[in-house]
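K.L.:
Pasting a structure here, questions to come.
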Amino acid sequence: MEDLEIVLDPDQQAAADRLAAIAARIGKRWHLASAIKSHCPRGLYLYGGPGRGKTMLMNRFLAAVPSERKRRYHFHDFYARLNAGIGEYGSIDASIDVLLGDARLICFDEFHVHDSGDARLVARLLDVLFARRITLVVTSNYPPERLLPNPLMHGMFVPTIDKILAHLDVVAVDGPQDYRQLASRHTGFAAGRYQVGSCPADGSAELPIAHRRLRARTVENGTLTVDFAELCGIPVSAADYLALAREVPAWVVCAVPDLSTVPPDWVMRFVNLVDVLYDLDLELSIFAEVPLADLGAEIQRVPDLYRTLSRLGELSRPVNLETR
């Protein structure tokens, strides 16, 4: 969406206006000593469906803020850094301190909470942010009340949801148009393609991932070609994909099946993989067994799969292969 010159729709314009108001209050002379409650801009929680321009709006806002005391994280990346820091520095608070530094503005893209372990980390993180009166801006596919939606665990997170509502203004960036479907860029992630058919590359190669060996077809000229089952059928995390993506700039995933035919944890790893590559803007090509329209037929089974399908919609799709 960053590459599109679009006229903002009403929801987007309302969010942009709220963000502009925050940016206007953050000046070049905004120092820690002056960051008392009356001078700390209230934060913003933007939520809506995929492709609604939330990330675009946040990135434009962040670029317009004149202060250097700002940080922007994709939430997968933040989780990975936070967990690594806990091991390195000995506690969650020490890890949070390092990640926040002297920031007075924190932006999180794709804020989400899907399991109880993440919920505990997020609860502690938000306690620190709000106690320090750091201005927080987040984008999410979920309104606050739908975070940690599992009814068996949701109750434990309600106090944190209440804190979010107390400290952040909630603004819906909703609407029927997924602007990724209008995308025309051909660089980075969108330089890849989605094809129905067999993967042209064949061979055998191995590379390390998460203290194990990933069996790939080829690793050549900065491009990893690997089967879906090998990449998503092993117990790895978004942080593991992040680490590998920092070494491999282009990805080709072969033999991607109808996702309703594989275990939900495989699909969740695929969601995480696409999230990582999209945020890093790395080229991804898919060779699938079914057209994109049929890839996620049971979309309710896995959180965030609908966002993945939206993102894959940016890839070029040869008509003769997609429809045969």
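Labels for the structure tokens follow display order: chains A, B, ..., residues from 1 in each chain, ligands from 1.
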Within 6 Å of Asp227 (chain A), counting only C-alpha atoms, which residues show up once you throw out same-chain ones fewer than 4 positions away? Write them as a list in words, please.
P.N.:
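These residues fall inside the cut-off: Val253, Cys254 and Ala255 of chain A.
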K.L.:
Identify all residues of region 12-97 of chain A in strand (DSSP E) (DSSP on the backbone) and supply them as a list of chain:residue names.
P.N.:
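Of region 12-97 of chain A, the ones in strand (DSSP E) are A:Gly43, A:Leu44, A:Tyr45, A:Leu46, A:Tyr47, A:Lys70, A:Arg71, A:Arg72, A:Tyr73, A:His74.
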K.L.:
Residues within 12 Å of Gly175 (chain A), please, as a PyMOL selection string. Count only C-alpha atoms; anything in the same chain fewer than 5 positions from it doesn't count.
P.N.:
chain A and resi 8-12+47-54
K.L.:
Write out the residues from the selection above, keeping N, CA, C and O atoms, as a PDB file, in the first residue's frame.
P.N.:
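Output file result33.pdb is given in full below:
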```pdb
ATOM      1  N   LEU A   8      -7.714   8.722   0.372  1.00  0.00           N
ATOM      2  CA  LEU A   8      -8.125   8.042   1.584  1.00  0.00           C
ATOM      3  C   LEU A   8      -9.641   7.977   1.672  1.00  0.00           C
ATOM      4  O   LEU A   8     -10.333   8.958   1.409  1.00  0.00           O
ATOM      5  N   ASP A   9     -10.159   6.810   2.054  1.00  0.00           N
ATOM      6  CA  ASP A   9     -11.592   6.695   2.271  1.00  0.00           C
ATOM      7  C   ASP A   9     -11.914   7.285   3.646  1.00  0.00           C
ATOM      8  O   ASP A   9     -11.011   7.652   4.408  1.00  0.00           O
ATOM      9  N   PRO A  10     -13.190   7.413   4.009  1.00  0.00           N
ATOM     10  CA  PRO A  10     -13.532   8.111   5.263  1.00  0.00           C
ATOM     11  C   PRO A  10     -12.883   7.531   6.508  1.00  0.00           C
ATOM     12  O   PRO A  10     -12.403   8.285   7.369  1.00  0.00           O
ATOM     13  N   ASP A  11     -12.852   6.207   6.650  1.00  0.00           N
ATOM     14  CA  ASP A  11     -12.223   5.606   7.821  1.00  0.00           C
ATOM     15  C   ASP A  11     -10.730   5.890   7.852  1.00  0.00           C
ATOM     16  O   ASP A  11     -10.159   6.193   8.910  1.00  0.00           O
ATOM     17  N   GLN A  12     -10.084   5.778   6.713  1.00  0.00           N
ATOM     18  CA  GLN A  12      -8.654   6.057   6.648  1.00  0.00           C
ATOM     19  C   GLN A  12      -8.356   7.522   6.973  1.00  0.00           C
ATOM     20  O   GLN A  12      -7.401   7.829   7.679  1.00  0.00           O
ATOM     21  N   TYR A  47      -7.556  -0.606  14.168  1.00  0.00           N
ATOM     22  CA  TYR A  47      -7.847  -1.985  13.792  1.00  0.00           C
ATOM     23  C   TYR A  47      -8.750  -2.019  12.573  1.00  0.00           C
ATOM     24  O   TYR A  47      -9.501  -1.086  12.284  1.00  0.00           O
ATOM     25  N   GLY A  48      -8.657  -3.131  11.862  1.00  0.00           N
ATOM     26  CA  GLY A  48      -9.494  -3.323  10.683  1.00  0.00           C
ATOM     27  C   GLY A  48      -9.014  -4.534   9.906  1.00  0.00           C
ATOM     28  O   GLY A  48      -8.025  -5.184  10.274  1.00  0.00           O
ATOM     29  N   GLY A  49      -9.705  -4.858   8.844  1.00  0.00           N
ATOM     30  CA  GLY A  49      -9.384  -6.021   8.042  1.00  0.00           C
ATOM     31  C   GLY A  49      -8.085  -5.862   7.276  1.00  0.00           C
ATOM     32  O   GLY A  49      -7.447  -4.809   7.301  1.00  0.00           O
ATOM     33  N   PRO A  50      -7.674  -6.921   6.575  1.00  0.00           N
ATOM     34  CA  PRO A  50      -6.418  -6.870   5.832  1.00  0.00           C
ATOM     35  C   PRO A  50      -6.506  -5.921   4.648  1.00  0.00           C
ATOM     36  O   PRO A  50      -7.573  -5.723   4.058  1.00  0.00           O
ATOM     37  N   GLY A  51      -5.363  -5.309   4.327  1.00  0.00           N
ATOM     38  CA  GLY A  51      -5.304  -4.450   3.151  1.00  0.00           C
ATOM     39  C   GLY A  51      -6.030  -3.140   3.295  1.00  0.00           C
ATOM     40  O   GLY A  51      -6.322  -2.464   2.299  1.00  0.00           O
ATOM     41  N   ARG A  52      -6.305  -2.700   4.537  1.00  0.00           N
ATOM     42  CA  ARG A  52      -7.066  -1.473   4.745  1.00  0.00           C
ATOM     43  C   ARG A  52      -6.173  -0.238   4.908  1.00  0.00           C
ATOM     44  O   ARG A  52      -6.659   0.857   5.150  1.00  0.00           O
ATOM     45  N   GLY A  53      -4.858  -0.427   4.808  1.00  0.00           N
ATOM     46  CA  GLY A  53      -3.957   0.721   4.846  1.00  0.00           C
ATOM     47  C   GLY A  53      -3.488   1.112   6.227  1.00  0.00           C
ATOM     48  O   GLY A  53      -2.917   2.192   6.398  1.00  0.00           O
ATOM     49  N   LYS A  54      -3.675   0.252   7.224  1.00  0.00           N
ATOM     50  CA  LYS A  54      -3.279   0.598   8.589  1.00  0.00           C
ATOM     51  C   LYS A  54      -1.770   0.812   8.692  1.00  0.00           C
ATOM     52  O   LYS A  54      -1.308   1.774   9.314  1.00  0.00           O
TER      53      LYS A  54
END
```
K.L.:
What lies within 6 Å of region 288-299 of chain A using only C-alpha atoms, ignoring chain neighbours under 5 positions off, as a PyMOL selection string?
P.N.:
chain A and resi 196+255-260+322
K.L.:
Take the residues from that selection and write them out as a short mmCIF file (atom, residue, chain, number, x, y, z; two decimals), in the first residue's frame, keeping N, CA and C atoms.
P.N.:
```cif
data_model
loop_
_atom_site.label_atom_id
_atom_site.label_comp_id
_atom_site.auth_asym_id
_atom_site.auth_seq_id
_atom_site.Cartn_x
_atom_site.Cartn_y
_atom_site.Cartn_z
N VAL A 196 -0.14 -22.08 -10.06
CA VAL A 196 -0.62 -23.44 -9.86
C VAL A 196 0.18 -24.34 -10.78
N ALA A 255 4.95 -26.93 -3.81
CA ALA A 255 3.98 -27.95 -3.37
C ALA A 255 3.12 -27.47 -2.21
N VAL A 256 2.62 -26.24 -2.31
CA VAL A 256 1.72 -25.72 -1.28
C VAL A 256 0.34 -26.31 -1.53
N PRO A 257 -0.20 -27.04 -0.57
CA PRO A 257 -1.48 -27.73 -0.79
C PRO A 257 -2.68 -26.85 -0.45
N ASP A 258 -3.86 -27.36 -0.72
CA ASP A 258 -5.07 -26.79 -0.14
C ASP A 258 -4.87 -26.84 1.37
N LEU A 259 -4.89 -25.68 2.02
CA LEU A 259 -4.51 -25.62 3.43
C LEU A 259 -5.50 -26.32 4.35
N SER A 260 -6.67 -26.65 3.85
CA SER A 260 -7.62 -27.39 4.68
C SER A 260 -7.24 -28.85 4.82
N GLU A 322 -3.10 -20.40 -13.38
CA GLU A 322 -4.01 -20.25 -12.24
C GLU A 322 -5.36 -20.88 -12.50
#
```
K.L.:
Using only C-alpha atoms, tabulate the residues of region 208-293 of chain A lying at most 12 Å from any atom of region 79-99 of chain A, each with its closest atom pair and that distance in Å to one decimal, by chain and increasing residue number, as a tab-separated table.
P.N.:
```
residue	atom	partner	partner_atom	distance
A:Ser237	CA	A:Ala80	CA	9.0
A:Ala238	CA	A:Ala80	CA	7.6
A:Ala239	CA	A:Ala80	CA	5.0
A:Asp240	CA	A:Ala80	CA	8.5
A:Tyr241	CA	A:Ala80	CA	10.2
A:Leu242	CA	A:Ala80	CA	8.3
A:Ala243	CA	A:Ala80	CA	9.3
A:Val276	CA	A:Ala80	CA	11.3
```
K.L.:
Next, write the just-selected residues to a file, as a short mmCIF file (atom, residue, chain, number, x, y, z; two decimals), in the first residue's frame, keeping N, CA, C and O atoms as the atom set.
P.N.:
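Saved result, result19.cif, follows:
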```
data_model
loop_
_atom_site.label_atom_id
_atom_site.label_comp_id
_atom_site.auth_asym_id
_atom_site.auth_seq_id
_atom_site.Cartn_x
_atom_site.Cartn_y
_atom_site.Cartn_z
N SER A 237 9.43 -21.43 14.82
CA SER A 237 8.64 -20.26 15.19
C SER A 237 8.84 -19.14 14.19
O SER A 237 9.70 -19.20 13.30
N ALA A 238 8.05 -18.07 14.36
CA ALA A 238 8.24 -16.88 13.54
C ALA A 238 9.65 -16.33 13.72
O ALA A 238 10.27 -15.84 12.77
N ALA A 239 10.19 -16.42 14.94
CA ALA A 239 11.55 -15.94 15.18
C ALA A 239 12.57 -16.73 14.37
O ALA A 239 13.57 -16.17 13.90
N ASP A 240 12.33 -18.03 14.18
CA ASP A 240 13.23 -18.85 13.37
C ASP A 240 13.18 -18.43 11.91
O ASP A 240 14.21 -18.35 11.23
N TYR A 241 11.98 -18.16 11.42
CA TYR A 241 11.86 -17.67 10.04
C TYR A 241 12.54 -16.31 9.89
O TYR A 241 13.18 -16.02 8.88
N LEU A 242 12.40 -15.47 10.91
CA LEU A 242 13.06 -14.16 10.88
C LEU A 242 14.57 -14.32 10.75
O LEU A 242 15.22 -13.62 9.94
N ALA A 243 15.14 -15.20 11.54
CA ALA A 243 16.59 -15.40 11.50
C ALA A 243 17.03 -15.89 10.14
O ALA A 243 18.05 -15.42 9.59
N VAL A 276 6.45 -12.61 8.05
CA VAL A 276 7.86 -12.23 8.15
C VAL A 276 8.37 -11.70 6.81
O VAL A 276 9.00 -10.63 6.74
#
```
K.L.:
When you look at region 102-118 of chain A with a cut-off of 6 Å (counting only C-alpha atoms), what residues show up, excluding the ones that are within fewer than 3 positions of it in the same chain? I need them as a PyMOL selection string.
P.N.:
chain A and resi 69-75+121+134-140+147-148
K.L.:
Those residues you just picked out, can you put them in a file as a tab-separated table (two decimals), in the first residue's frame with N, CA, C and O atoms?
P.N.:
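selection_4.tsv, written as the output of this step:
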```tsv
chain	number	residue	atom	x	y	z
A	69	ARG	N	13.25	10.01	19.20
A	69	ARG	CA	13.00	9.07	20.29
A	69	ARG	C	11.74	8.25	19.99
A	69	ARG	O	10.73	8.33	20.67
A	70	LYS	N	11.84	7.49	18.92
A	70	LYS	CA	10.70	6.71	18.45
A	70	LYS	C	11.21	5.35	17.98
A	70	LYS	O	12.34	5.22	17.52
A	71	ARG	N	10.36	4.35	18.10
A	71	ARG	CA	10.70	3.00	17.66
A	71	ARG	C	9.48	2.43	16.93
A	71	ARG	O	8.34	2.67	17.31
A	72	ARG	N	9.76	1.64	15.89
A	72	ARG	CA	8.70	0.95	15.16
A	72	ARG	C	9.07	-0.52	15.06
A	72	ARG	O	10.18	-0.87	14.65
A	73	TYR	N	8.15	-1.40	15.47
A	73	TYR	CA	8.39	-2.83	15.45
A	73	TYR	C	7.22	-3.54	14.77
A	73	TYR	O	6.05	-3.20	15.02
A	74	HIS	N	7.54	-4.53	13.94
A	74	HIS	CA	6.53	-5.53	13.60
A	74	HIS	C	6.43	-6.46	14.80
A	74	HIS	O	7.44	-6.81	15.41
A	75	PHE	N	5.24	-6.87	15.16
A	75	PHE	CA	5.08	-7.57	16.43
A	75	PHE	C	5.81	-8.92	16.46
A	75	PHE	O	6.29	-9.34	17.50
A	121	LEU	N	3.47	-11.94	28.35
A	121	LEU	CA	4.51	-11.01	27.92
A	121	LEU	C	3.92	-9.65	27.55
A	121	LEU	O	4.45	-8.60	27.92
A	134	ILE	N	4.74	6.33	27.87
A	134	ILE	CA	5.21	6.30	26.48
A	134	ILE	C	3.99	6.28	25.57
A	134	ILE	O	3.04	5.52	25.80
A	135	THR	N	3.99	7.12	24.57
A	135	THR	CA	2.88	7.13	23.62
A	135	THR	C	2.95	5.87	22.75
A	135	THR	O	3.99	5.56	22.18
A	136	LEU	N	1.84	5.17	22.65
A	136	LEU	CA	1.79	3.90	21.94
A	136	LEU	C	0.80	3.99	20.79
A	136	LEU	O	-0.34	4.44	20.98
A	137	VAL	N	1.23	3.57	19.60
A	137	VAL	CA	0.35	3.47	18.43
A	137	VAL	C	0.47	2.05	17.90
A	137	VAL	O	1.59	1.56	17.68
A	138	VAL	N	-0.65	1.39	17.73
A	138	VAL	CA	-0.62	0.01	17.23
A	138	VAL	C	-1.59	-0.14	16.08
A	138	VAL	O	-2.59	0.57	15.98
A	139	THR	N	-1.27	-1.11	15.20
A	139	THR	CA	-2.23	-1.56	14.20
A	139	THR	C	-2.55	-3.02	14.50
A	139	THR	O	-1.71	-3.77	15.00
A	140	SER	N	-3.77	-3.41	14.20
A	140	SER	CA	-4.19	-4.78	14.49
A	140	SER	C	-5.34	-5.15	13.58
A	140	SER	O	-6.08	-4.29	13.09
A	147	LEU	N	-8.83	-9.73	21.38
A	147	LEU	CA	-7.48	-10.26	21.61
A	147	LEU	C	-7.58	-11.48	22.50
A	147	LEU	O	-8.43	-11.56	23.39
A	148	LEU	N	-6.70	-12.45	22.29
A	148	LEU	CA	-6.74	-13.74	22.98
A	148	LEU	C	-8.18	-14.29	22.98
A	148	LEU	O	-8.82	-14.42	24.02
```
K.L.:
In Å, with one decimal, what is the gap from CA of Val302 (chain A) to CA of Leu152 (chain A)?
P.N.:
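Taking CA of Val302 (chain A) as the start and CA of Leu152 (chain A) as the end point, the length is 16.7 Å.
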K.L.:
Report as number ranges by chain: the residues of region 79-188 of chain A with a DSSP assignment of alpha helix (DSSP H), based on the backbone of this structure.
P.N.:
A: 79-89, 92-100, 116-131, 154-167
K.L.:
Mind dumping the selected residues with N, CA and C atoms as a short mmCIF file (atom, residue, chain, number, x, y, z; two decimals), in the first residue's frame?
P.N.:
```
data_model
loop_
_atom_site.label_atom_id
_atom_site.label_comp_id
_atom_site.auth_asym_id
_atom_site.auth_seq_id
_atom_site.Cartn_x
_atom_site.Cartn_y
_atom_site.Cartn_z
N TYR A 79 8.44 -9.77 19.42
CA TYR A 79 8.39 -10.98 20.23
C TYR A 79 9.73 -11.71 20.19
N ALA A 80 10.31 -11.83 18.99
CA ALA A 80 11.58 -12.53 18.85
C ALA A 80 12.67 -11.84 19.65
N ARG A 81 12.76 -10.51 19.54
CA ARG A 81 13.78 -9.76 20.27
C ARG A 81 13.54 -9.83 21.78
N LEU A 82 12.28 -9.75 22.17
CA LEU A 82 11.96 -9.78 23.60
C LEU A 82 12.36 -11.11 24.21
N ASN A 83 12.02 -12.21 23.55
CA ASN A 83 12.38 -13.53 24.08
C ASN A 83 13.88 -13.74 24.09
N ALA A 84 14.56 -13.29 23.04
CA ALA A 84 16.02 -13.42 23.02
C ALA A 84 16.64 -12.60 24.14
N GLY A 85 16.09 -11.41 24.40
CA GLY A 85 16.61 -10.55 25.45
C GLY A 85 16.41 -11.12 26.83
N ILE A 86 15.31 -11.84 27.03
CA ILE A 86 15.06 -12.46 28.34
C ILE A 86 16.19 -13.44 28.66
N GLY A 87 16.60 -14.22 27.64
CA GLY A 87 17.70 -15.15 27.84
C GLY A 87 19.03 -14.44 28.03
N GLU A 88 19.22 -13.35 27.30
CA GLU A 88 20.51 -12.65 27.35
C GLU A 88 20.67 -11.80 28.60
N TYR A 89 19.58 -11.12 29.00
CA TYR A 89 19.69 -10.15 30.10
C TYR A 89 19.13 -10.67 31.42
N ILE A 92 12.46 -10.39 31.92
CA ILE A 92 11.62 -9.71 30.94
C ILE A 92 11.76 -8.20 31.06
N ASP A 93 11.85 -7.68 32.28
CA ASP A 93 11.98 -6.24 32.46
C ASP A 93 13.27 -5.71 31.86
N ALA A 94 14.37 -6.45 32.04
CA ALA A 94 15.64 -6.02 31.46
C ALA A 94 15.57 -6.03 29.94
N SER A 95 14.92 -7.05 29.39
CA SER A 95 14.78 -7.13 27.94
C SER A 95 13.93 -5.98 27.42
N ILE A 96 12.84 -5.66 28.10
CA ILE A 96 11.98 -4.54 27.71
C ILE A 96 12.77 -3.23 27.76
N ASP A 97 13.58 -3.05 28.80
CA ASP A 97 14.37 -1.83 28.93
C ASP A 97 15.27 -1.61 27.72
N VAL A 98 15.91 -2.69 27.27
CA VAL A 98 16.82 -2.57 26.13
C VAL A 98 16.04 -2.24 24.86
N LEU A 99 14.90 -2.89 24.65
CA LEU A 99 14.13 -2.66 23.44
C LEU A 99 13.52 -1.27 23.38
N LEU A 100 13.10 -0.76 24.52
CA LEU A 100 12.47 0.56 24.54
C LEU A 100 13.51 1.68 24.52
N SER A 116 -1.62 -17.95 25.65
CA SER A 116 -1.45 -17.45 27.02
C SER A 116 -0.02 -17.01 27.30
N GLY A 117 0.96 -17.68 26.69
CA GLY A 117 2.34 -17.27 26.89
C GLY A 117 2.59 -15.87 26.37
N ASP A 118 2.11 -15.58 25.14
CA ASP A 118 2.22 -14.24 24.60
C ASP A 118 1.45 -13.24 25.45
N ALA A 119 0.29 -13.67 25.97
CA ALA A 119 -0.54 -12.77 26.76
C ALA A 119 0.21 -12.26 27.99
N ARG A 120 0.95 -13.13 28.65
CA ARG A 120 1.69 -12.70 29.83
C ARG A 120 2.80 -11.71 29.48
N LEU A 121 3.47 -11.94 28.35
CA LEU A 121 4.51 -11.01 27.92
C LEU A 121 3.92 -9.65 27.55
N VAL A 122 2.81 -9.70 26.82
CA VAL A 122 2.17 -8.45 26.41
C VAL A 122 1.67 -7.67 27.61
N ALA A 123 1.09 -8.37 28.57
CA ALA A 123 0.58 -7.69 29.77
C ALA A 123 1.70 -6.95 30.49
N ARG A 124 2.85 -7.59 30.64
CA ARG A 124 3.96 -6.94 31.32
C ARG A 124 4.50 -5.77 30.50
N LEU A 125 4.62 -5.98 29.19
CA LEU A 125 5.10 -4.92 28.31
C LEU A 125 4.22 -3.68 28.41
N LEU A 126 2.90 -3.87 28.32
CA LEU A 126 1.99 -2.73 28.37
C LEU A 126 2.03 -2.05 29.73
N ASP A 127 2.19 -2.82 30.79
CA ASP A 127 2.32 -2.20 32.12
C ASP A 127 3.50 -1.23 32.14
N VAL A 128 4.62 -1.65 31.54
CA VAL A 128 5.81 -0.80 31.52
C VAL A 128 5.57 0.43 30.65
N LEU A 129 5.01 0.23 29.47
CA LEU A 129 4.76 1.35 28.56
C LEU A 129 3.85 2.39 29.19
N PHE A 130 2.77 1.93 29.79
CA PHE A 130 1.81 2.88 30.36
C PHE A 130 2.38 3.55 31.62
N ALA A 131 3.15 2.81 32.42
CA ALA A 131 3.75 3.39 33.61
C ALA A 131 4.74 4.49 33.24
N HIS A 154 -9.45 -16.29 27.54
CA HIS A 154 -9.72 -14.87 27.34
C HIS A 154 -9.84 -14.11 28.66
N GLY A 155 -10.43 -14.73 29.66
CA GLY A 155 -10.65 -14.04 30.93
C GLY A 155 -9.37 -13.53 31.57
N MET A 156 -8.28 -14.28 31.40
CA MET A 156 -7.01 -13.86 32.01
C MET A 156 -6.48 -12.57 31.40
N PHE A 157 -6.94 -12.26 30.18
CA PHE A 157 -6.42 -11.08 29.48
C PHE A 157 -7.34 -9.88 29.58
N VAL A 158 -8.51 -10.07 30.13
CA VAL A 158 -9.47 -8.96 30.23
C VAL A 158 -8.89 -7.76 30.98
N PRO A 159 -8.18 -7.94 32.11
CA PRO A 159 -7.60 -6.75 32.77
C PRO A 159 -6.65 -5.96 31.87
N THR A 160 -5.90 -6.67 31.02
CA THR A 160 -5.01 -5.97 30.10
C THR A 160 -5.80 -5.26 29.02
N ILE A 161 -6.87 -5.88 28.53
CA ILE A 161 -7.74 -5.21 27.56
C ILE A 161 -8.31 -3.93 28.16
N ASP A 162 -8.70 -3.99 29.43
CA ASP A 162 -9.22 -2.79 30.10
C ASP A 162 -8.17 -1.68 30.14
N LYS A 163 -6.91 -2.05 30.35
CA LYS A 163 -5.84 -1.05 30.36
C LYS A 163 -5.63 -0.45 28.97
N ILE A 164 -5.74 -1.28 27.94
CA ILE A 164 -5.63 -0.77 26.57
C ILE A 164 -6.71 0.27 26.31
N LEU A 165 -7.92 -0.05 26.70
CA LEU A 165 -9.04 0.87 26.48
C LEU A 165 -8.89 2.14 27.31
N ALA A 166 -8.24 2.03 28.47
CA ALA A 166 -8.06 3.20 29.33
C ALA A 166 -6.98 4.14 28.81
N HIS A 167 -5.99 3.60 28.10
CA HIS A 167 -4.84 4.42 27.69
C HIS A 167 -4.81 4.76 26.20
#
```
K.L.:
What does the structure give for the distance between CA of Leu214 (chain A) and CA of Val248 (chain A), in Å to one decimal?
P.N.:
13.2 Å
K.L.:
Using only C-alpha atoms, pick whichever of A:Arg25, A:Arg42, A:Arg311, A:Arg217 has the shortest atom-to-atom distance to Ser204 (chain A).
P.N.:
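Under the stated criterion, the closest residue is A:Arg217.
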